[in-house]
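Here is the file query_34.cif (mmCIF, C-alpha atoms and all ligand atoms; chains and numbers go by the auth columns).
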data_final
#
loop_
_atom_site.group_PDB
_atom_site.id
_atom_site.type_symbol
_atom_site.label_atom_id
_atom_site.label_comp_id
_atom_site.label_asym_id
_atom_site.label_seq_id
_atom_site.Cartn_x
_atom_site.Cartn_y
_atom_site.Cartn_z
_atom_site.B_iso_or_equiv
_atom_site.auth_seq_id
_atom_site.auth_asym_id
ATOM 1 C CA MET A 1 2.678 20.289 -6.270 0.00 6 E
ATOM 2 C CA SER A 2 3.459 23.744 -4.912 0.00 7 E
ATOM 3 C CA SER A 3 4.002 22.899 -1.231 0.00 8 E
ATOM 4 C CA THR A 4 7.444 23.699 0.114 0.00 9 E
ATOM 5 C CA ARG A 5 7.129 21.170 2.967 0.00 10 E
ATOM 6 C CA VAL A 6 8.904 18.132 1.567 0.00 11 E
ATOM 7 C CA LEU A 7 8.688 14.753 3.281 0.00 12 E
ATOM 8 C CA TYR A 8 11.079 12.005 2.250 0.00 13 E
ATOM 9 C CA LEU A 9 9.206 8.770 3.013 0.00 14 E
ATOM 10 C CA LEU A 10 11.797 5.982 3.028 0.00 15 E
ATOM 11 C CA GLY A 11 10.701 2.363 3.352 0.00 16 E
ATOM 12 C CA SER A 12 12.493 -0.941 3.807 0.00 17 E
ATOM 13 C CA ALA A 13 11.310 -4.494 3.240 0.00 18 E
ATOM 14 C CA ALA A 14 8.861 -5.254 6.040 0.00 19 E
ATOM 15 C CA PRO A 15 5.184 -5.956 5.280 0.00 20 E
ATOM 16 C CA PRO A 16 3.775 -2.484 6.192 0.00 21 E
ATOM 17 C CA VAL A 17 5.686 -1.065 3.215 0.00 22 E
ATOM 18 C CA LEU A 18 3.037 -2.688 1.012 0.00 23 E
ATOM 19 C CA ASP A 19 0.597 -0.012 2.284 0.00 24 E
ATOM 20 C CA VAL A 20 2.878 2.872 1.412 0.00 25 E
ATOM 21 C CA GLY A 21 0.539 4.263 -1.270 0.00 26 E
ATOM 22 C CA ALA A 22 -2.146 4.972 1.333 0.00 27 E
ATOM 23 C CA VAL A 23 0.482 6.551 3.594 0.00 28 E
ATOM 24 C CA VAL A 24 1.611 8.833 0.771 0.00 29 E
ATOM 25 C CA GLU A 25 -1.991 9.968 0.296 0.00 30 E
ATOM 26 C CA ARG A 26 -2.402 10.575 4.035 0.00 31 E
ATOM 27 C CA ALA A 27 0.770 12.666 4.158 0.00 32 E
ATOM 28 C CA GLN A 28 -0.279 14.620 1.082 0.00 33 E
ATOM 29 C CA GLY A 29 -3.591 15.292 2.817 0.00 34 E
ATOM 30 C CA GLN A 30 -1.566 16.886 5.616 0.00 35 E
ATOM 31 C CA GLY A 31 0.124 19.212 3.137 0.00 36 E
ATOM 32 C CA TRP A 32 3.329 17.299 2.462 0.00 37 E
ATOM 33 C CA ASP A 33 5.028 17.080 -0.903 0.00 38 E
ATOM 34 C CA VAL A 34 6.105 13.430 -0.621 0.00 39 E
ATOM 35 C CA CYS A 35 9.173 11.842 -2.214 0.00 40 E
ATOM 36 C CA LEU A 36 9.232 8.058 -1.903 0.00 41 E
ATOM 37 C CA GLY A 37 12.462 6.084 -1.456 0.00 42 E
ATOM 38 C CA LEU A 38 12.738 2.314 -1.030 0.00 43 E
ATOM 39 C CA THR A 39 15.444 -0.215 -0.315 0.00 44 E
ATOM 40 C CA PRO A 40 16.183 -2.465 -3.294 0.00 45 E
ATOM 41 C CA THR A 41 14.262 -5.311 -1.631 0.00 46 E
ATOM 42 C CA ALA A 42 11.246 -3.113 -0.862 0.00 47 E
ATOM 43 C CA ALA A 43 11.296 -1.874 -4.453 0.00 48 E
ATOM 44 C CA ARG A 44 11.211 -5.497 -5.605 0.00 49 E
ATOM 45 C CA TRP A 45 8.196 -6.165 -3.370 0.00 50 E
ATOM 46 C CA LEU A 46 6.407 -3.131 -4.848 0.00 51 E
ATOM 47 C CA GLU A 47 7.656 -3.547 -8.399 0.00 52 E
ATOM 48 C CA SER A 48 4.256 -3.594 -10.122 0.00 53 E
ATOM 49 C CA ALA A 49 3.083 -0.521 -8.138 0.00 54 E
ATOM 50 C CA LEU A 50 6.132 1.650 -8.792 0.00 55 E
ATOM 51 C CA PRO A 51 4.716 3.568 -11.796 0.00 56 E
ATOM 52 C CA THR A 52 1.520 4.329 -9.854 0.00 57 E
ATOM 53 C CA LEU A 53 3.520 5.461 -6.828 0.00 58 E
ATOM 54 C CA ALA A 54 5.675 7.733 -8.975 0.00 59 E
ATOM 55 C CA ALA A 55 2.562 9.278 -10.529 0.00 60 E
ATOM 56 C CA LEU A 56 0.987 9.686 -7.081 0.00 61 E
ATOM 57 C CA THR A 57 3.975 11.541 -5.624 0.00 62 E
ATOM 58 C CA GLY A 58 4.884 13.403 -8.811 0.00 63 E
ATOM 59 C CA HIS A 59 8.522 12.394 -8.262 0.00 64 E
ATOM 60 C CA PRO A 60 10.575 9.377 -9.289 0.00 65 E
ATOM 61 C CA VAL A 61 10.528 6.559 -6.735 0.00 66 E
ATOM 62 C CA ARG A 62 14.178 6.052 -5.844 0.00 67 E
ATOM 63 C CA SER A 63 15.832 2.825 -4.766 0.00 68 E
ATOM 64 C CA ALA A 64 19.291 3.323 -6.258 0.00 69 E
ATOM 65 C CA TYR A 65 21.968 5.975 -6.051 0.00 70 E
ATOM 66 C CA ARG A 66 21.968 8.393 -8.983 0.00 71 E
ATOM 67 C CA LEU A 67 24.833 8.342 -11.466 0.00 72 E
ATOM 68 C CA PRO A 68 27.498 11.035 -11.024 0.00 73 E
ATOM 69 C CA HIS A 69 26.327 13.080 -14.019 0.00 74 E
ATOM 70 C CA GLU A 70 22.659 12.940 -13.042 0.00 75 E
ATOM 71 C CA PRO A 71 21.058 15.817 -11.114 0.00 76 E
ATOM 72 C CA ASP A 72 19.238 15.091 -7.867 0.00 77 E
ATOM 73 C CA PRO A 73 15.655 14.415 -9.013 0.00 78 E
ATOM 74 C CA TRP A 74 14.065 15.386 -5.683 0.00 79 E
ATOM 75 C CA PRO A 75 13.509 18.757 -4.009 0.00 80 E
ATOM 76 C CA PRO A 76 15.432 19.192 -0.716 0.00 81 E
ATOM 77 C CA ALA A 77 13.920 17.434 2.308 0.00 82 E
ATOM 78 C CA THR A 78 12.222 19.303 5.126 0.00 83 E
ATOM 79 C CA VAL A 79 12.081 16.081 7.146 0.00 84 E
ATOM 80 C CA ALA A 80 12.534 12.348 6.529 0.00 85 E
ATOM 81 C CA LEU A 81 10.602 9.374 7.868 0.00 86 E
ATOM 82 C CA LEU A 82 12.302 5.995 7.535 0.00 87 E
ATOM 83 C CA ALA A 83 9.511 3.465 8.029 0.00 88 E
ATOM 84 C CA PRO A 84 9.011 0.629 8.117 0.00 89 E
ATOM 85 C CA ALA A 85 12.602 0.159 9.287 0.00 90 E
ATOM 86 C CA THR A 86 13.848 -3.419 9.171 0.00 91 E
ATOM 87 C CA PHE A 87 16.471 -4.942 11.418 0.00 92 E
ATOM 88 C CA ASN A 88 18.868 -4.847 8.480 0.00 93 E
ATOM 89 C CA THR A 89 18.237 -1.219 7.567 0.00 94 E
ATOM 90 C CA LEU A 90 18.382 0.054 11.165 0.00 95 E
ATOM 91 C CA ASN A 91 21.658 -1.708 11.867 0.00 96 E
ATOM 92 C CA SER A 92 23.155 -0.603 8.538 0.00 97 E
ATOM 93 C CA TRP A 93 22.159 2.998 9.288 0.00 98 E
ATOM 94 C CA ALA A 94 23.576 2.941 12.815 0.00 99 E
ATOM 95 C CA LEU A 95 26.804 1.296 11.668 0.00 100 E
ATOM 96 C CA GLY A 96 27.177 3.622 8.682 0.00 101 E
ATOM 97 C CA LEU A 97 27.060 0.823 6.123 0.00 102 E
ATOM 98 C CA THR A 98 25.661 2.759 3.195 0.00 103 E
ATOM 99 C CA GLY A 99 26.832 0.755 0.198 0.00 104 E
ATOM 100 C CA GLY A 100 23.781 -1.405 -0.413 0.00 105 E
ATOM 101 C CA SER A 101 20.913 1.008 -0.031 0.00 106 E
ATOM 102 C CA PHE A 102 20.192 4.508 -1.272 0.00 107 E
ATOM 103 C CA ILE A 103 17.836 5.249 1.617 0.00 108 E
ATOM 104 C CA VAL A 104 20.427 4.196 4.215 0.00 109 E
ATOM 105 C CA GLY A 105 22.973 6.402 2.470 0.00 110 E
ATOM 106 C CA PHE A 106 20.581 9.321 2.529 0.00 111 E
ATOM 107 C CA ALA A 107 19.651 8.776 6.180 0.00 112 E
ATOM 108 C CA ALA A 108 23.275 8.410 7.275 0.00 113 E
ATOM 109 C CA GLU A 109 24.276 11.668 5.622 0.00 114 E
ATOM 110 C CA ALA A 110 21.116 13.443 6.804 0.00 115 E
ATOM 111 C CA ILE A 111 22.307 13.176 10.416 0.00 116 E
ATOM 112 C CA GLY A 112 25.273 15.388 9.632 0.00 117 E
ATOM 113 C CA LYS A 113 23.200 17.715 7.454 0.00 118 E
ATOM 114 C CA GLY A 114 20.817 18.379 10.336 0.00 119 E
ATOM 115 C CA ILE A 115 17.736 17.146 8.464 0.00 120 E
ATOM 116 C CA PRO A 116 15.062 16.162 11.029 0.00 121 E
ATOM 117 C CA LEU A 117 14.768 12.371 11.077 0.00 122 E
ATOM 118 C CA VAL A 118 12.071 10.043 12.367 0.00 123 E
ATOM 119 C CA THR A 119 12.161 6.273 12.152 0.00 124 E
ATOM 120 C CA MET A 120 9.751 3.568 13.200 0.00 125 E
ATOM 121 C CA PRO A 121 11.142 0.026 13.360 0.00 126 E
ATOM 122 C CA CYS A 122 9.262 -3.067 12.273 0.00 127 E
ATOM 123 C CA VAL A 123 11.054 -5.904 14.010 0.00 128 E
ATOM 124 C CA ASN A 124 9.833 -8.872 15.998 0.00 129 E
ATOM 125 C CA SER A 125 10.906 -9.652 19.547 0.00 130 E
ATOM 126 C CA ALA A 126 13.488 -12.191 18.359 0.00 131 E
ATOM 127 C CA PHE A 127 15.367 -9.528 16.378 0.00 132 E
ATOM 128 C CA LEU A 128 15.044 -7.258 19.395 0.00 133 E
ATOM 129 C CA ALA A 129 17.003 -9.754 21.474 0.00 134 E
ATOM 130 C CA HIS A 130 20.013 -9.586 19.171 0.00 135 E
ATOM 131 C CA PRO A 131 22.790 -7.621 20.933 0.00 136 E
ATOM 132 C CA GLN A 132 23.301 -5.221 18.036 0.00 137 E
ATOM 133 C CA PHE A 133 19.712 -3.999 17.998 0.00 138 E
ATOM 134 C CA ASP A 134 19.843 -2.076 21.268 0.00 139 E
ATOM 135 C CA ARG A 135 23.212 -0.604 20.324 0.00 140 E
ATOM 136 C CA SER A 136 21.796 0.605 17.008 0.00 141 E
ATOM 137 C CA ILE A 137 18.760 2.229 18.620 0.00 142 E
ATOM 138 C CA ARG A 138 20.951 4.001 21.185 0.00 143 E
ATOM 139 C CA THR A 139 23.345 5.157 18.461 0.00 144 E
ATOM 140 C CA LEU A 140 20.539 6.614 16.344 0.00 145 E
ATOM 141 C CA ARG A 141 18.823 8.295 19.308 0.00 146 E
ATOM 142 C CA GLY A 142 22.169 9.698 20.396 0.00 147 E
ATOM 143 C CA ALA A 143 22.542 11.209 16.927 0.00 148 E
ATOM 144 C CA GLY A 144 19.201 13.001 17.270 0.00 149 E
ATOM 145 C CA VAL A 145 16.987 10.575 15.356 0.00 150 E
ATOM 146 C CA ARG A 146 13.499 10.206 16.813 0.00 151 E
ATOM 147 C CA VAL A 147 12.964 6.439 17.096 0.00 152 E
ATOM 148 C CA LEU A 148 9.336 5.380 17.595 0.00 153 E
ATOM 149 C CA LEU A 149 9.787 2.077 19.386 0.00 154 E
ATOM 150 C CA GLY A 150 7.570 0.924 22.256 0.00 155 E
ATOM 151 C CA GLU A 151 4.539 2.710 23.659 0.00 156 E
ATOM 152 C CA GLY A 152 3.326 5.423 21.284 0.00 157 E
ATOM 153 C CA GLY A 153 5.172 3.820 18.391 0.00 158 E
ATOM 154 C CA PHE A 154 5.825 0.310 17.090 0.00 159 E
ATOM 155 C CA VAL A 155 5.459 -2.389 19.745 0.00 160 E
ATOM 156 C CA PRO A 156 7.361 -5.526 18.657 0.00 161 E
ATOM 157 C CA ASN A 157 5.349 -8.676 18.121 0.00 162 E
ATOM 158 C CA ARG A 158 6.422 -12.257 18.623 0.00 163 E
ATOM 159 C CA PRO A 159 7.865 -13.962 15.524 0.00 164 E
ATOM 160 C CA GLY A 160 5.090 -14.922 13.134 0.00 165 E
ATOM 161 C CA GLU A 161 2.497 -12.772 14.911 0.00 166 E
ATOM 162 C CA GLY A 162 2.981 -9.494 13.060 0.00 167 E
ATOM 163 C CA ASN A 163 -0.061 -7.533 11.909 0.00 168 E
ATOM 164 C CA PRO A 164 0.931 -5.115 9.145 0.00 169 E
ATOM 165 C CA THR A 165 -2.462 -3.379 9.223 0.00 170 E
ATOM 166 C CA ALA A 166 -1.810 -2.380 12.860 0.00 171 E
ATOM 167 C CA TYR A 167 1.498 -0.684 12.041 0.00 172 E
ATOM 168 C CA PRO A 168 1.014 2.772 13.611 0.00 173 E
ATOM 169 C CA TRP A 169 1.576 4.999 10.583 0.00 174 E
ATOM 170 C CA GLU A 170 -0.487 7.751 12.191 0.00 175 E
ATOM 171 C CA ALA A 171 1.978 8.013 15.098 0.00 176 E
ATOM 172 C CA ALA A 172 4.824 8.262 12.596 0.00 177 E
ATOM 173 C CA LEU A 173 3.143 11.071 10.630 0.00 178 E
ATOM 174 C CA ASN A 174 2.317 12.895 13.880 0.00 179 E
ATOM 175 C CA ALA A 175 5.975 12.653 14.936 0.00 180 E
ATOM 176 C CA VAL A 176 7.029 14.043 11.560 0.00 181 E
ATOM 177 C CA SER A 177 4.784 17.071 12.045 0.00 182 E
ATOM 178 C CA GLU A 178 6.083 17.574 15.591 0.00 183 E
ATOM 179 C CA MET A 179 9.684 17.489 14.389 0.00 184 E
ATOM 180 C CA VAL A 180 9.152 20.523 12.174 0.00 185 E
ATOM 181 C CA SER A 181 6.566 22.510 14.133 0.00 186 E
HETATM 182 C C1 LIG B . 7.376 -11.875 4.137 0.00 201 E
HETATM 183 C C2 LIG B . 8.563 -11.249 4.789 0.00 201 E
HETATM 184 C C3 LIG B . 8.375 -10.461 5.901 0.00 201 E
HETATM 185 C C4 LIG B . 9.473 -9.856 6.536 0.00 201 E
HETATM 186 N N1 LIG B . 9.259 -9.063 7.616 0.00 201 E
HETATM 187 C C5 LIG B . 10.306 -8.455 8.212 0.00 201 E
HETATM 188 C C6 LIG B . 10.087 -7.573 9.308 0.00 201 E
HETATM 189 O O1 LIG B . 8.948 -7.321 9.748 0.00 201 E
HETATM 190 N N2 LIG B . 11.160 -6.995 9.869 0.00 201 E
HETATM 191 C C7 LIG B . 12.447 -7.208 9.415 0.00 201 E
HETATM 192 O O2 LIG B . 13.382 -6.651 9.984 0.00 201 E
HETATM 193 N N3 LIG B . 12.675 -8.042 8.371 0.00 201 E
HETATM 194 C C8 LIG B . 11.643 -8.641 7.756 0.00 201 E
HETATM 195 N N4 LIG B . 11.856 -9.464 6.677 0.00 201 E
HETATM 196 C C9 LIG B . 13.226 -9.673 6.212 0.00 201 E
HETATM 197 C C10 LIG B . 13.720 -8.520 5.336 0.00 201 E
HETATM 198 O O3 LIG B . 12.862 -8.354 4.214 0.00 201 E
HETATM 199 C C11 LIG B . 15.160 -8.829 4.864 0.00 201 E
HETATM 200 O O4 LIG B . 16.033 -8.835 5.971 0.00 201 E
HETATM 201 C C12 LIG B . 15.642 -7.851 3.841 0.00 201 E
HETATM 202 O O5 LIG B . 16.937 -8.226 3.433 0.00 201 E
HETATM 203 C C13 LIG B . 15.675 -6.450 4.403 0.00 201 E
HETATM 204 O O6 LIG B . 16.276 -5.614 3.446 0.00 201 E
HETATM 205 P P1 LIG B . 16.173 -4.043 3.554 0.00 201 E
HETATM 206 O O7 LIG B . 16.421 -3.668 4.987 0.00 201 E
HETATM 207 O O8 LIG B . 17.280 -3.571 2.657 0.00 201 E
HETATM 208 O O9 LIG B . 14.830 -3.657 3.057 0.00 201 E
HETATM 209 C C14 LIG B . 10.781 -10.069 6.037 0.00 201 E
HETATM 210 C C15 LIG B . 10.955 -10.864 4.901 0.00 201 E
HETATM 211 C C16 LIG B . 9.866 -11.435 4.286 0.00 201 E
HETATM 212 C C17 LIG B . 10.083 -12.282 3.055 0.00 201 E
#
Hey, can you dump this file as structure tokens for me?
Ligand SMILES: Cc1cc2nc3c(=O)[nH]c(=O)nc-3n(C[C@H](O)[C@H](O)[C@H](O)COP(=O)(O)O)c2cc1C
Amino acid sequence: MSSTRVLYLLGSAAPPVLDVGAVVERAQGQGWDVCLGLTPTAARWLESALPTLAALTGHPVRSAYRLPHEPDPWPPATVALLAPATFNTLNSWALGLTGGSFIVGFAAEAIGKGIPLVTMPCVNSAFLAHPQFDRSIRTLRGAGVRVLLGEGGFVPNRPGEGNPTAYPWEAALNAVSEMVS
């Protein structure tokens, strides 16, 4: 793909990640060269689809850090979208706990590199009530990350009442375009 607009689409293990192939196609339709990264758990959920997703993006799907002697297999990011963002991944990112997840490591370092960052949580209202959640959202927003939570983004559901097909991917892709326009 010849486009120089590179979107890193980074997903963690919440049900909307199972639709990521359609999201890749939508982003490609908007002119993005998409590189797909997953947490280890999300990669496990999508295991049987990983070869298809790699072929679709034209890049390796990454869920692990590269080895020291290996070159970076992706072109540099224009912008990154971390979605769906689980409670675990958001808190790890905000707290700088990068050891367990390549995408958290990338997103943590991207703040300092000045790469435009958008994230859309996928957490129910019970997770929202945990005292760390609000701290994490404020930390990320304070670092310049655009967090799509509430009206115009992801509106948390009650536990057990999530609807993955209603996850507002379109709002996330619109925010990505706005970040770089
Ligand atoms: C069916 C299922 C649905 C889940 N949905 C969510 C969710 O919507 N939000 C969330 O934060 N965690 C959810 N979890 C829990 C996460 O998958 C779990 O915390 C996992 O360790 C997150 O890892 P990751 O952030 O590295 O992807 C779900 C787990 C399962 C099995």
ask   = Which residue, E:Gly26, E:Gly158, E:Gly101, E:Gly110, has the smallest gap to Thr57 (chain E) when you use only C-alpha atoms?
value =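 Closest to Thr57 (chain E) of all the choices is E:Gly26.
From CA of Pro56 (chain E) back to CA of Pro126 (chain E), the distance works out to 26.2 Å.
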query = Of the candidates E:Tyr70, E:Trp174, E:Trp79, E:Phe159, which one gets nearest to Ala27 (chain E) if we count all atoms listed in the file?
reply =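 Closest candidate: E:Trp174.
Every protein or nucleic acid residue with an atom no more than 8 Å from region 181-185 of chain E, counting only C-alpha atoms and leaving out same-chain residues fewer than 6 positions away, appears here: Thr83, Val84, Ala85, Leu86, Pro121, Leu122 and Val123 of chain E.
Shortest separation to ligand LIG 201 (chain E) among E:Val128, E:Val152, E:Val66, E:Leu102 occurs at residue E:Val128, atoms counted being all atoms listed in the file.
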message = Since I can't run it myself right now, could you work out what the PyMOL selection byres (((not hetatm)) within 8 of (chain E and resi 201)) selects here and report it as a PyMOL selection string?
response = chain E and resi 16-21+43-47+90-95+105-106+126-129+132+167
Which residues would end up in the selection if the PyMOL selection byres (((chain E and resi 32-41) around 9) and not hetatm) were applied here, given that I need the answer as an mmCIF file with C-alpha atoms, in the frame of the given file?
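The result, written out as out_5.cif:
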data_model
loop_
_atom_site.group_PDB
_atom_site.id
_atom_site.type_symbol
_atom_site.label_atom_id
_atom_site.label_comp_id
_atom_site.auth_asym_id
_atom_site.auth_seq_id
_atom_site.Cartn_x
_atom_site.Cartn_y
_atom_site.Cartn_z
ATOM 1 C CA MET E 6 2.678 20.289 -6.270
ATOM 2 C CA SER E 7 3.459 23.744 -4.912
ATOM 3 C CA SER E 8 4.002 22.899 -1.231
ATOM 4 C CA THR E 9 7.444 23.699 0.114
ATOM 5 C CA ARG E 10 7.129 21.170 2.967
ATOM 6 C CA VAL E 11 8.904 18.132 1.567
ATOM 7 C CA LEU E 12 8.688 14.753 3.281
ATOM 8 C CA TYR E 13 11.079 12.005 2.250
ATOM 9 C CA LEU E 14 9.206 8.770 3.013
ATOM 10 C CA LEU E 15 11.797 5.982 3.028
ATOM 11 C CA GLY E 16 10.701 2.363 3.352
ATOM 12 C CA VAL E 25 2.878 2.872 1.412
ATOM 13 C CA ALA E 27 -2.146 4.972 1.333
ATOM 14 C CA VAL E 28 0.482 6.551 3.594
ATOM 15 C CA VAL E 29 1.611 8.833 0.771
ATOM 16 C CA GLU E 30 -1.991 9.968 0.296
ATOM 17 C CA ARG E 31 -2.402 10.575 4.035
ATOM 18 C CA GLY E 42 12.462 6.084 -1.456
ATOM 19 C CA LEU E 43 12.738 2.314 -1.030
ATOM 20 C CA LEU E 58 3.520 5.461 -6.828
ATOM 21 C CA ALA E 59 5.675 7.733 -8.975
ATOM 22 C CA THR E 62 3.975 11.541 -5.624
ATOM 23 C CA GLY E 63 4.884 13.403 -8.811
ATOM 24 C CA HIS E 64 8.522 12.394 -8.262
ATOM 25 C CA PRO E 65 10.575 9.377 -9.289
ATOM 26 C CA VAL E 66 10.528 6.559 -6.735
ATOM 27 C CA ARG E 67 14.178 6.052 -5.844
ATOM 28 C CA SER E 68 15.832 2.825 -4.766
ATOM 29 C CA TRP E 79 14.065 15.386 -5.683
ATOM 30 C CA PRO E 80 13.509 18.757 -4.009
ATOM 31 C CA ALA E 82 13.920 17.434 2.308
ATOM 32 C CA LEU E 178 3.143 11.071 10.630
#
task = State, in Å with one decimal place, the distance from CA of Leu23 (chain E) to CA of Trp98 (chain E).
result =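 Taking CA of Leu23 (chain E) and CA of Trp98 (chain E), their separation equals 21.6 Å.
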Written as a compact mmCIF listing (two decimals) with C-alpha atoms, keeping the file's coordinate frame, which residues does the PyMOL selection byres (((chain E and resi 138) around 10) and not hetatm) give for the file shown?
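Final output, saved to out.txt:
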# COMPACT_ATOMS: atom_id res chain seq x y z
CA PHE E 92 16.47 -4.94 11.42
CA ASN E 93 18.87 -4.85 8.48
CA LEU E 95 18.38 0.05 11.16
CA ASN E 96 21.66 -1.71 11.87
CA ALA E 99 23.58 2.94 12.82
CA VAL E 128 11.05 -5.90 14.01
CA PHE E 132 15.37 -9.53 16.38
CA LEU E 133 15.04 -7.26 19.40
CA ALA E 134 17.00 -9.75 21.47
CA HIS E 135 20.01 -9.59 19.17
CA PRO E 136 22.79 -7.62 20.93
CA GLN E 137 23.30 -5.22 18.04
CA ASP E 139 19.84 -2.08 21.27
CA ARG E 140 23.21 -0.60 20.32
CA SER E 141 21.80 0.60 17.01
CA ILE E 142 18.76 2.23 18.62
CA ARG E 143 20.95 4.00 21.18
CA THR E 144 23.34 5.16 18.46
ask   = Smallest atom-to-atom distance to Gly149 (chain E): which of E:Ile116, E:Ala176, E:Ala60, E:Leu100, using all atoms listed in the file?
value =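 For Gly149 (chain E), the nearest of the given residues is E:Ile116.
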task = Kindly indicate which residue among E:Pro81, E:Ser130, E:Asp24, E:Ala69 lies nearest to Ala54 (chain E), using only C-alpha atoms for the distances.
result =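 That would be E:Asp24, the residue with the smallest distance to Ala54 (chain E).
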Box in all listed atoms of region 140-156 of chain E, axis-aligned, with 6 Å more on each side; write out centre and edge lengths in Å to one decimal as lines of an AutoDock Vina configuration file.
center_x = 13.9
center_y = 6.2
center_z = 19.5
size_x = 30.8
size_y = 25.6
size_z = 20.3
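If you look at CA of Ser53 (chain E) and CA of Pro169 (chain E), they are 19.6 Å away from each other.
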